[in-house]
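K.L.:
Here it is, the structure in full.
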Amino acid sequence: MNRSGKFAVGVLCSAVLAACSLEPNQLQATAGTSTAHALAESAAARDNAPGLSEQYAKLRKQQIAQVDYKLSVTIAKTGEAFSGRVIADTQFRRNLLQPLTIDFAGGEVRGVQVDGKTVPFEYNGHFITISPEHLKGRKHAIAVDYTHAYSSNGSGLHRFQDPVDGEVYMYTDFEPYDANRLFPHFDQPNLKAHYTLDVTAPKDWSVITSVREKNVEQKGEVNHWVFPQSQKFSSYIFSLHAGPFHVWENDADGIPLRLFARKTLAEYVKPNDWFTFTKQSFEFFQKYFEVDYPFVKYDQVIVPDFNAGAMENVAAVTFSERYVSRGDKTQAERMRLANVIAHEMAHMWFGDLVTMNWWDDLWLNESFATYMANLALAENSEFDDVWENFYLGTKQWAYGEDQLPTTHAIQLPVQNTDEAFANFDGITYGKGGSILKQLPYYLGKEEFRKGVSNYLKDLSYKNSTLDDFMGHLGKAAGKDLDQWQQQWLYNAGLNTIAASFQCKDGKIASLTIKQSAPADYPVLREQRTQVGLYNMAGGKMVLSKAIPVTYAGASTEVAAAKGEACPQIVYPNEGDWAFAKVNLDKVSVDNMSKHINDIDKPFTRLMLWQSLFDSVSDAKLPLDEFVSFAINNAGVETDINVIRLVSRYLGTSYAFLDQFQMDDAKRTRLQLAIETFVWDQLQKAPAGSDAQKTWFSTFTGVAHTNKALTNARNLLRGELVIDGLKLDPDMRWSLITLQNQRLFGDYAQAIKTELAKDNSDRSQLNAIAAEAIRPQQEAKAKWLENLLEKRDNFKLAQLKYAADALFPTEQGSLYNANVERVIAALDDVNSSDASEFVGTYARLFPLNCSDKGVQQVSDILDSGKTLNPLLEKALKNRRFKNQSCLDMAEAINGNTAG
């Protein structure tokens with residue numbers, strides 16, 4: 001179905017692409033040979049720049065009917081580069097009228113052959129170009145011999161050397177457009193291929209890809225690994241991982257399972273958790289989808305320096321080492337591990353088996369996997385608070401991003417791969433996942449499941465579009481989803497709902513759901529949810545009635561509420577089915593403030609606490625009133641999710657207070673109150689409990705007085721013990737970082753002492769953060785020089801740790817002293833083709849709650865410069881958050897209480 005505004009391609013480009021799709025005789029008949037060739041040549045002009053445009057990807061899809069790759073790679077423990085040879089068996093749709101380009105970023109091309117004959121080529125560092133005169137005919141074997149440097153930024157083929165034992169490990173990470181950093185090929189999702197791989201590697205290494213090896217031949221100090229041809233899939237989910245990994249093996253009802261981790265981390269891996277969560281996910285998904293797991297085995301590889309959480313490479317999923325704790329995990333951390341395992345597994349069907357046609361449908365991958373992972377855990381795992389965690393984490397991420405100036409429709413045009421990289425955000429994952437959570441409630445659970453199953457069956461090993469997916473859902477449910485699709489997928493913005501009610505003689509006379517929208521995104525949507533009515537009974541605030549309702553437009557009367565007992569609290573999104581911000585009516589706010597700890601449902605308490613802090617963020621409730629309310633009410637809370645939320649927002653409140661221009665005595669009083677409360681909660685929490693670990697984490701962020709810092713130092717030294725609190729290495733580093741942040745005690749020696757005990761890469765990264773966070777100009781100058789001028793000497797992971805630590809909220813004067821140096825580097829960074837570093841640079845613009853802070857960012861954005869999409873997005877959001885902070889400061893300064 002044609003959607004206006006879906007693709008930002010001009011009329012001329014559309015005509016060009018249409019012309020290129022015709023056979024030569026058709027071209028002659030429609031436009032004349034000379035005109036047709038001119039159109040084709042204009043379409044063939046690819047920008048001499050990094051990345052891939054949607055326009056050019058469409059053209060290349062018109063050129064290539066089918067391609068399969070034979071890839072040989074040689075890797076070694078030493079050296080800065082690897083070598084390879086790829087043969088692309090390519091079938092063209094017609095004789096080429098324009099050059100063919102082969103994506104290959106940042107390597108060296110040693111030679112190109114077509115059908116065994118050496119041919120001339122051009123290479124600009126971004127792609128290889130072959131003239132059509134060397135590609136006459138419909139089928140050709142195009143061979144490229146090449147070398148490429150190993151990556152140090154987590155993309156392409158990343159090389160890592162363990163500082164503890166010196167062992168070397170390698171892994172690939174490609175999405176959206178880095179597979180061409182491993183080998184030259186056509187790097188776009190709708191040119192699926194089979195891959196036949198062989199690898200020469202050190203003899204003590206494992207080599208892992210999408211299939212299991214069929215032969216390993218020993219050749220002295222190296223082994224030659226030969227793999228059979230893979231199934232057909234997109235190149236961004238191809239993989240090559242290698243190294244002397246520790247391996248665990250298991251089985252999921254006939255599916256071979258392996259888990260890999262580097263040797264020095266293996267003692268901390270809990271393979272029973274990994275395999276249990278993996279088996280539970282397989283059990284759920286195969287039944288739910290009614291499609292057997294489509295690949296031959298399932299490997300999970302835990303890797304260092306990983307930029308994302310995990311990546312769904314076909315049958316060889318990579319996970320960040322952040323999912324391995326060097327101490328006991330909280331239950332929430334265990335659930336996050338289970339969730340990411342389920343998320344990546346869901347991609348094996350939704351993303352790997354059936355793949356989006358282009359990056360405008362990225363949400364089809366990520367939103368679906370986000371929703372399905374939570375559904376799998378909710379229905380087939382040990383965790384009973386899955387949706388509470390979804391609300392606390394994923395959904396708040398989505399709500400936050402949907403209120404930023406850079407919010408966007410879930411489905412949006414993506415003109416190039418740089419824009420695709422910028423769209424890995426809370427809209428694509430969180431909002432999309434949230435509206436999919438709502439959709440089964442709207443369509444029916446079984447109807448939704450059947451539509452998904454049919455979609456996967458009909459499009460296996462193919463590429464799909466949004467209309468394919470929605471068409472299958474609508475057909476299964478017998479509903480026309482066009483209006484729903486327009487409202488939810490093609491329009492940005494967050495709606496707000498509120499309940500308005502009147503009572504007479506103790507009964508509801510009328511109850512209405514009011515819906516509003518921001519001025520910039522005025523669409524009012526239709527959703528199905530529940531209205532919860534709460535009243536005190538037996539000393540508890542209990543749910544007396546949950547009324548299903550489908551609301552639409554500005555006002556929806558809830559007729560079923562008439563005659564019900566007059567409620568003390570009305571919550572218009574009971575059960576959290578809708579994706580909407582909730583404003584509470586005055587009666588509900590008053591009763592919530594009196595009875596927050598009487599509410600018997602933890603999930604309801606969680607949502608009400610969130611609504612309270614939303615009011616702070618919106619500058620409707622002064623922050624000091626929230627702090628006072630939290631300190632007076634949160635001390636008796638026992639639900640871990642509510643504790644996590646309150647502790648999070650107390651830490652956030654402390655940081656905002658550092659930024660506000662306000663009465664210093666009031667600031668001091670409020671920050672001391674937060675520090676004291678958090679320390680008290682840490683001491684009172686049950687020994688060894690998740691609450692204890694939660695309050696410890698918050699304490700390291702708010703401790704600032706001499707007394708608190710002394711307690712922190714004594715905890716580190718073992719001179720102070722809190723019953724049940726076991727400090728793992730990462731917890732120890734949080735205390736060391738705190739010492740350095742406050743220049744307290746032997747802060748510099750603390751780093752040296754810890755590194756002498758633990759010289760792991762994780763400790764070395766923490767040591768960088770601890771040095772960079774010091775409130776000293778020499779520390780700032782050193783790490784800014786490393787970040788901006790010497791970045792090639794460091795891994796991206798090291799730069800990230802430094803950038804994140806460099807300017808904490810209380811160091812505004814040091815930021816102001818260095819900001820011009822940061823801004824001066826912008827042009828150099830903006831010209832970089834490394835999106836990962838662009839994102840790291842953007843972290844050097846921290847919260848700056850001042851008119852000057854707003855203006856500094858505005859000057860960059862209003863300069864007329866064309867900015868990298870990721871950087872432009874980050875700066876627009878920073879300006880917005882700086883202004884929001886000013887609004888919050890005005891609210892607290894206008895409040896005379898406290």
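Here's how to read the names in the structure tokens: chain A, B, ... by the order shown, residue numbers from 1 in each chain, ligand numbers from 1 in the order shown.
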As a list in words, please: the residues near Ser325 (chain A) (cut-off 10 Å, only C-alpha atoms, same-chain neighbours under 2 positions excluded).
P.N.:
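Listed by chain and then number, they are Leu265, Tyr268, Val269, Lys270, Glu321, Arg322, Tyr323, Gly327, Asp328, Lys329, Thr330, Glu333, Arg334, Asp728, Pro729 and Asp730 of chain A.
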K.L.:
The selected residues should be written to file as a CSV table (one decimal), in the first residue's frame (atoms: all heavy atoms).
P.N.:
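File produced: part.csv:
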```
chain,number,residue,atom,x,y,z
A,265,LEU,N,37.6,-15.0,32.3
A,265,LEU,CA,36.3,-14.6,32.8
A,265,LEU,C,35.5,-15.8,33.1
A,265,LEU,O,34.4,-15.7,33.8
A,265,LEU,CB,35.6,-13.8,31.7
A,265,LEU,CG,34.3,-13.0,32.2
A,265,LEU,CD1,34.7,-11.8,33.0
A,265,LEU,CD2,33.5,-12.5,30.9
A,268,TYR,N,33.6,-16.7,36.4
A,268,TYR,CA,32.4,-15.9,36.9
A,268,TYR,C,31.1,-16.2,36.1
A,268,TYR,O,30.1,-15.8,36.5
A,268,TYR,CB,32.7,-14.4,36.7
A,268,TYR,CG,33.9,-13.9,37.4
A,268,TYR,CD1,35.1,-13.5,36.8
A,268,TYR,CD2,33.9,-13.9,38.8
A,268,TYR,CE1,36.2,-13.1,37.5
A,268,TYR,CE2,35.0,-13.4,39.5
A,268,TYR,CZ,36.2,-13.1,38.9
A,268,TYR,OH,37.3,-12.6,39.6
A,269,VAL,N,31.3,-17.0,35.0
A,269,VAL,CA,30.1,-17.3,34.2
A,269,VAL,C,29.3,-18.4,34.9
A,269,VAL,O,29.9,-19.4,35.4
A,269,VAL,CB,30.5,-17.8,32.8
A,269,VAL,CG1,29.3,-18.3,32.0
A,269,VAL,CG2,31.3,-16.7,32.1
A,270,LYS,N,28.0,-18.3,34.9
A,270,LYS,CA,27.1,-19.3,35.5
A,270,LYS,C,26.4,-20.0,34.4
A,270,LYS,O,25.3,-19.6,34.0
A,270,LYS,CB,26.1,-18.6,36.5
A,270,LYS,CG,26.8,-18.0,37.7
A,270,LYS,CD,25.9,-17.4,38.7
A,270,LYS,CE,26.6,-17.0,40.0
A,270,LYS,NZ,27.7,-16.1,39.8
A,321,GLU,N,30.2,-8.7,27.8
A,321,GLU,CA,30.6,-9.2,29.1
A,321,GLU,C,30.0,-8.5,30.3
A,321,GLU,O,30.1,-8.9,31.4
A,321,GLU,CB,32.1,-9.1,29.2
A,321,GLU,CG,32.8,-10.1,28.3
A,321,GLU,CD,34.3,-10.1,28.5
A,321,GLU,OE1,34.9,-9.2,29.1
A,321,GLU,OE2,35.0,-11.0,27.9
A,322,ARG,N,29.2,-7.4,30.0
A,322,ARG,CA,28.5,-6.7,31.1
A,322,ARG,C,27.5,-7.7,31.7
A,322,ARG,O,27.0,-7.4,32.8
A,322,ARG,CB,27.8,-5.5,30.6
A,322,ARG,CG,28.8,-4.4,30.2
A,322,ARG,CD,28.1,-3.1,29.9
A,322,ARG,NE,27.2,-3.2,28.7
A,322,ARG,CZ,27.5,-3.0,27.5
A,322,ARG,NH1,28.8,-2.7,27.2
A,322,ARG,NH2,26.6,-3.0,26.5
A,323,TYR,N,27.1,-8.7,31.0
A,323,TYR,CA,26.1,-9.7,31.5
A,323,TYR,C,26.7,-10.7,32.4
A,323,TYR,O,26.0,-11.6,32.9
A,323,TYR,CB,25.3,-10.3,30.4
A,323,TYR,CG,24.4,-9.4,29.7
A,323,TYR,CD1,24.7,-8.8,28.4
A,323,TYR,CD2,23.2,-9.0,30.3
A,323,TYR,CE1,23.9,-7.9,27.8
A,323,TYR,CE2,22.4,-8.1,29.7
A,323,TYR,CZ,22.7,-7.5,28.4
A,323,TYR,OH,21.9,-6.6,27.8
A,327,GLY,N,30.3,-10.9,40.9
A,327,GLY,CA,29.7,-11.2,42.2
A,327,GLY,C,28.4,-11.8,42.0
A,327,GLY,O,28.0,-12.2,40.9
A,328,ASP,N,27.6,-11.9,43.0
A,328,ASP,CA,26.2,-12.4,42.9
A,328,ASP,C,25.3,-11.4,42.2
A,328,ASP,O,25.3,-10.3,42.6
A,328,ASP,CB,25.7,-12.8,44.3
A,328,ASP,CG,26.4,-13.9,45.0
A,328,ASP,OD1,27.0,-14.7,44.3
A,328,ASP,OD2,26.4,-14.0,46.2
A,329,LYS,N,24.6,-11.9,41.2
A,329,LYS,CA,23.6,-11.1,40.5
A,329,LYS,C,22.4,-10.9,41.4
A,329,LYS,O,21.9,-11.8,42.2
A,329,LYS,CB,23.2,-11.8,39.2
A,329,LYS,CG,24.1,-11.7,38.1
A,329,LYS,CD,23.5,-12.4,36.9
A,329,LYS,CE,24.5,-12.4,35.7
A,329,LYS,NZ,24.6,-11.0,35.1
A,330,THR,N,21.8,-9.7,41.3
A,330,THR,CA,20.4,-9.5,41.8
A,330,THR,C,19.4,-10.3,40.9
A,330,THR,O,19.8,-10.7,39.8
A,330,THR,CB,20.0,-8.0,41.9
A,330,THR,OG1,20.0,-7.5,40.5
A,330,THR,CG2,21.1,-7.2,42.6
A,333,GLU,N,19.1,-8.4,37.8
A,333,GLU,CA,20.2,-8.7,36.8
A,333,GLU,C,20.0,-10.0,36.1
A,333,GLU,O,20.3,-10.2,35.0
A,333,GLU,CB,21.5,-8.6,37.6
A,333,GLU,CG,21.8,-7.1,38.0
A,333,GLU,CD,23.0,-7.1,38.9
A,333,GLU,OE1,23.3,-8.1,39.6
A,333,GLU,OE2,23.7,-6.0,38.9
A,334,ARG,N,19.6,-11.0,36.9
A,334,ARG,CA,19.3,-12.3,36.3
A,334,ARG,C,18.2,-12.3,35.2
A,334,ARG,O,18.3,-12.9,34.2
A,334,ARG,CB,19.0,-13.4,37.4
A,334,ARG,CG,20.1,-13.7,38.3
A,334,ARG,CD,19.8,-14.8,39.3
A,334,ARG,NE,19.6,-16.1,38.6
A,334,ARG,CZ,18.4,-16.8,38.5
A,334,ARG,NH1,17.3,-16.2,39.0
A,334,ARG,NH2,18.3,-17.9,37.9
A,728,ASP,N,32.0,-7.2,45.5
A,728,ASP,CA,32.7,-7.8,44.4
A,728,ASP,C,33.6,-6.8,43.8
A,728,ASP,O,33.6,-5.6,44.2
A,728,ASP,CB,31.7,-8.4,43.4
A,728,ASP,CG,30.8,-7.3,42.7
A,728,ASP,OD1,31.3,-6.2,42.4
A,728,ASP,OD2,29.6,-7.6,42.5
A,729,PRO,N,34.5,-7.2,42.8
A,729,PRO,CA,35.5,-6.2,42.3
A,729,PRO,C,34.8,-5.0,41.7
A,729,PRO,O,35.4,-3.9,41.8
A,729,PRO,CB,36.2,-7.1,41.2
A,729,PRO,CG,36.1,-8.5,41.7
A,729,PRO,CD,34.7,-8.6,42.4
A,730,ASP,N,33.7,-5.1,41.0
A,730,ASP,CA,33.1,-3.9,40.4
A,730,ASP,C,32.5,-3.0,41.5
A,730,ASP,O,32.5,-1.8,41.3
A,730,ASP,CB,32.0,-4.4,39.4
A,730,ASP,CG,32.6,-5.2,38.3
A,730,ASP,OD1,33.7,-4.9,37.8
A,730,ASP,OD2,32.0,-6.2,38.0
```
K.L.:
Which residues of region 636-663 of chain A sit at most 9 Å from region 676-696 of chain A, using only C-alpha atoms? Give each one's shortest atom pair and distance in Å (one decimal place), in chain and ascending residue order, as JSON lines.
P.N.:
```
{"residue": "A:Thr638", "atom": "CA", "partner": "A:Ala691", "partner_atom": "CA", "distance": 8.4}
{"residue": "A:Asp639", "atom": "CA", "partner": "A:Ala691", "partner_atom": "CA", "distance": 8.8}
{"residue": "A:Ile640", "atom": "CA", "partner": "A:Ala691", "partner_atom": "CA", "distance": 6.1}
{"residue": "A:Ile643", "atom": "CA", "partner": "A:Ala691", "partner_atom": "CA", "distance": 6.9}
{"residue": "A:Arg644", "atom": "CA", "partner": "A:Thr694", "partner_atom": "CA", "distance": 6.5}
{"residue": "A:Ser647", "atom": "CA", "partner": "A:Trp695", "partner_atom": "CA", "distance": 6.7}
{"residue": "A:Arg648", "atom": "CA", "partner": "A:Thr694", "partner_atom": "CA", "distance": 8.9}
{"residue": "A:Leu650", "atom": "CA", "partner": "A:Val678", "partner_atom": "CA", "distance": 8.5}
```
K.L.:
Enumerate, in order of chain and increasing residue number, the residues of region 160-274 of chain A with an atom no farther than 10 Å from region 45-60 of chain A, each with its shortest atom pair and distance in Å to one decimal, counting only C-alpha atoms, as CSV.
P.N.:
```
residue,atom,partner,partner_atom,distance
A:Pro176,CA,A:Gly51,CA,9.8
A:Tyr177,CA,A:Gly51,CA,7.2
A:Asp178,CA,A:Gly51,CA,9.2
A:Phe186,CA,A:Arg60,CA,8.4
A:Asp187,CA,A:Leu52,CA,8.4
A:Gln188,CA,A:Ala57,CA,6.9
A:Pro189,CA,A:Ala57,CA,9.4
A:Asn190,CA,A:Ala57,CA,8.8
A:Leu191,CA,A:Arg60,CA,9.1
```
K.L.:
How would the residues just chosen look if you wrote them out with C-alpha atoms as a CSV table (one decimal), in the first residue's frame?
P.N.:
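This went into out.csv:
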```
chain,number,residue,atom,x,y,z
A,176,PRO,CA,23.8,-2.0,10.3
A,177,TYR,CA,26.7,-1.5,7.8
A,178,ASP,CA,29.9,-3.0,9.1
A,186,PHE,CA,26.9,-6.1,-1.2
A,187,ASP,CA,26.1,-5.0,2.3
A,188,GLN,CA,22.4,-4.4,2.3
A,189,PRO,CA,19.7,-6.5,4.0
A,190,ASN,CA,17.7,-7.4,0.9
A,191,LEU,CA,20.6,-9.1,-0.9
```
K.L.:
Name the residues in contact with region 366-372 of chain A at a cut-off of 10 Å, using only C-alpha atoms, excluding same-chain residues fewer than 2 positions from it; report them as a compact mmCIF listing (two decimals) with C-alpha atoms, in the first residue's frame.
P.N.:
```txt
# COMPACT_ATOMS: atom_id res chain seq x y z
CA SER A 281 13.15 -19.57 25.36
CA PHE A 284 8.33 -21.07 24.25
CA PHE A 285 9.23 -19.73 20.80
CA TYR A 288 4.39 -19.93 19.86
CA ASN A 339 15.57 -11.17 28.73
CA VAL A 340 18.53 -10.50 26.44
CA ALA A 342 15.23 -14.39 24.77
CA HIS A 343 15.46 -11.16 22.78
CA GLU A 344 18.32 -12.41 20.61
CA MET A 345 16.70 -15.80 20.16
CA ALA A 346 13.45 -14.19 18.99
CA HIS A 347 15.53 -12.57 16.25
CA MET A 348 16.41 -16.00 14.88
CA TRP A 349 12.88 -16.05 13.50
CA PHE A 350 12.02 -12.37 13.37
CA GLY A 351 14.99 -10.69 11.72
CA ASP A 361 11.66 -1.31 8.96
CA LEU A 362 14.30 -1.72 11.67
CA TRP A 363 11.52 -1.62 14.24
CA LEU A 364 10.11 -4.83 12.74
CA ASN A 374 9.21 -10.22 27.75
CA LEU A 375 6.27 -12.40 26.75
CA ALA A 376 8.49 -15.50 26.81
CA LEU A 377 9.75 -14.66 30.30
CA ALA A 378 6.28 -13.84 31.57
CA PHE A 390 9.30 -3.91 31.46
CA THR A 394 11.95 -0.43 28.61
CA ILE A 410 8.12 4.12 14.73
CA PHE A 424 18.71 2.38 17.50
CA ASP A 425 16.78 4.13 20.23
CA GLY A 426 13.92 4.00 22.70
CA ILE A 427 11.33 4.51 19.98
CA THR A 428 12.53 1.62 17.84
CA TYR A 429 12.89 -0.75 20.81
CA GLY A 430 10.76 0.55 23.66
CA LYS A 431 7.79 2.28 22.06
CA GLY A 432 7.49 -0.33 19.34
CA GLY A 433 7.69 -3.10 21.94
CA SER A 434 5.09 -1.32 24.07
CA ILE A 435 2.54 -0.93 21.32
CA LEU A 436 3.06 -4.56 20.33
CA LYS A 437 2.30 -5.47 23.95
CA GLN A 438 -0.95 -3.58 23.58
```
K.L.:
For CA of Ile102 (chain A) and CA of His148 (chain A), quote the distance in Å rounded to one decimal.
P.N.:
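Answer for the CA of Ile102 (chain A) to CA of His148 (chain A) separation: 15.1 Å.
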K.L.:
Between A:Ala422, A:Leu672, A:Met731, A:Ala891, which is the closest to Lys620 (chain A) once you count only C-alpha atoms?
P.N.:
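Ranking A:Ala422, A:Leu672, A:Met731, A:Ala891 by distance to Lys620 (chain A), first place goes to A:Ala891.
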K.L.:
Quick one: distance from CA of Phe233 (chain A) to CA of Val86 (chain A) in Å, one decimal?
P.N.:
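Going from CA of Phe233 (chain A) over to CA of Val86 (chain A), I get 16.9 Å.
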K.L.:
Which residues come within 7 Å of Leu197 (chain A), counting only C-alpha atoms, excluding same-chain residues fewer than 6 positions away, as a PyMOL selection string?
P.N.:
chain A and resi 70-72+226-227
K.L.:
How would the residues just chosen look if you wrote them out with N, CA and C atoms as a PDB file, in the first residue's frame?
P.N.:
```
ATOM      1  N   LYS A  70      31.837 -17.230  -1.259  1.00  0.00           N
ATOM      2  CA  LYS A  70      32.848 -18.147  -0.735  1.00  0.00           C
ATOM      3  C   LYS A  70      33.942 -17.270  -0.142  1.00  0.00           C
ATOM      4  N   LEU A  71      34.164 -17.430   1.150  1.00  0.00           N
ATOM      5  CA  LEU A  71      35.048 -16.522   1.876  1.00  0.00           C
ATOM      6  C   LEU A  71      36.156 -17.296   2.572  1.00  0.00           C
ATOM      7  N   SER A  72      37.396 -16.903   2.310  1.00  0.00           N
ATOM      8  CA  SER A  72      38.559 -17.457   3.000  1.00  0.00           C
ATOM      9  C   SER A  72      39.240 -16.337   3.772  1.00  0.00           C
ATOM     10  N   VAL A 226      37.131 -25.569   7.948  1.00  0.00           N
ATOM     11  CA  VAL A 226      36.292 -25.567   6.763  1.00  0.00           C
ATOM     12  C   VAL A 226      34.840 -25.755   7.193  1.00  0.00           C
ATOM     13  N   PHE A 227      33.998 -24.854   6.750  1.00  0.00           N
ATOM     14  CA  PHE A 227      32.589 -24.872   7.133  1.00  0.00           C
ATOM     15  C   PHE A 227      31.722 -25.154   5.907  1.00  0.00           C
TER      16      PHE A 227
END
```
K.L.:
Restricting the calculation to only C-alpha atoms: of A:Ala817, A:Cys885, A:Ala477, A:Val354, which residue gets closest to Ser617 (chain A)?
P.N.:
A:Cys885
K.L.:
Excluding Lys540 (chain A) and residues on its chain fewer than 6 positions from it, collect all residues at most 8 Å away from it, counting only C-alpha atoms, and give them as a tab-separated table (two decimals) with N, CA and C atoms, in the first residue's frame.
P.N.:
```
chain	number	residue	atom	x	y	z
A	598	ASP	N	-0.30	2.06	51.59
A	598	ASP	CA	-1.46	1.19	51.86
A	598	ASP	C	-1.92	0.47	50.60
A	599	ILE	N	-1.44	0.89	49.45
A	599	ILE	CA	-1.86	0.26	48.19
A	599	ILE	C	-1.31	-1.15	48.13
A	600	ASP	N	-2.18	-2.13	47.98
A	600	ASP	CA	-1.74	-3.52	48.15
A	600	ASP	C	-1.03	-4.07	46.92
```
K.L.:
Quick one: DSSP helix (DSSP H, G or I) residues in region 127-287 of chain A, as a PyMOL selection string?
P.N.:
chain A and resi 132-134+179-181+235-237+266-268+271-287
K.L.:
Got a sec: who's within 6 Å of region 198-213 of chain A, counting only C-alpha atoms, leaving out chain neighbours fewer than 2 positions off, as number ranges by chain?
P.N.:
A: 72-76, 215, 221-227, 239-244, 314-316
K.L.:
Mind listing the strand (DSSP E or B) residues of region 308-432 of chain A, per DSSP on the backbone, as JSON, numbers by chain?
P.N.:
{"A": [310, 311, 316, 317, 318, 319, 320, 350, 354, 355, 356, 416]}
K.L.:
Could the residues in this selection be written to a file with N, CA and C atoms, as a short mmCIF file (atom, residue, chain, number, x, y, z; two decimals), in the first residue's frame?
P.N.:
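Okay, this is what ended up in out21.cif:
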```cif
data_model
loop_
_atom_site.label_atom_id
_atom_site.label_comp_id
_atom_site.auth_asym_id
_atom_site.auth_seq_id
_atom_site.Cartn_x
_atom_site.Cartn_y
_atom_site.Cartn_z
N ALA A 310 23.86 -7.10 22.96
CA ALA A 310 24.03 -8.39 22.30
C ALA A 310 23.69 -8.20 20.83
N MET A 311 24.02 -9.22 20.02
CA MET A 311 23.75 -9.13 18.58
C MET A 311 23.35 -10.48 18.05
N ALA A 316 25.03 -17.74 16.15
CA ALA A 316 26.29 -17.43 16.83
C ALA A 316 26.17 -16.06 17.49
N VAL A 317 25.29 -15.98 18.46
CA VAL A 317 24.93 -14.70 19.08
C VAL A 317 26.07 -14.21 19.97
N THR A 318 26.37 -12.92 19.88
CA THR A 318 27.36 -12.31 20.76
C THR A 318 26.69 -11.53 21.88
N PHE A 319 27.29 -11.59 23.07
CA PHE A 319 26.78 -10.90 24.25
C PHE A 319 27.90 -10.09 24.89
N SER A 320 27.57 -8.93 25.37
CA SER A 320 28.53 -8.13 26.11
C SER A 320 28.91 -8.82 27.41
N PHE A 350 12.49 -13.70 13.77
CA PHE A 350 12.02 -12.37 13.37
C PHE A 350 13.22 -11.45 13.20
N VAL A 354 13.16 -14.17 8.67
CA VAL A 354 12.45 -13.16 7.89
C VAL A 354 13.09 -11.82 8.23
N THR A 355 13.55 -11.11 7.21
CA THR A 355 14.37 -9.91 7.43
C THR A 355 13.73 -8.71 6.75
N MET A 356 13.85 -7.56 7.40
CA MET A 356 13.35 -6.33 6.80
C MET A 356 14.02 -6.08 5.46
N ASN A 416 19.86 6.63 4.64
CA ASN A 416 21.18 6.03 4.53
C ASN A 416 21.52 5.27 5.80
#
```
K.L.:
Just the residues within 9 Å of region 495-510 of chain A, please, counting only C-alpha atoms, with nothing from its chain fewer than 4 positions along; format it as number ranges by chain.
P.N.:
A: 514-518, 521-525, 531, 557-559, 561-567, 570-573, 579-585
K.L.:
With only C-alpha atoms as the atoms that count, which of A:Tyr195, A:Phe807, A:Tyr455, A:Tyr150 lies nearest to Val67 (chain A)?
P.N.:
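The closest residue to Val67 (chain A) is A:Tyr195.
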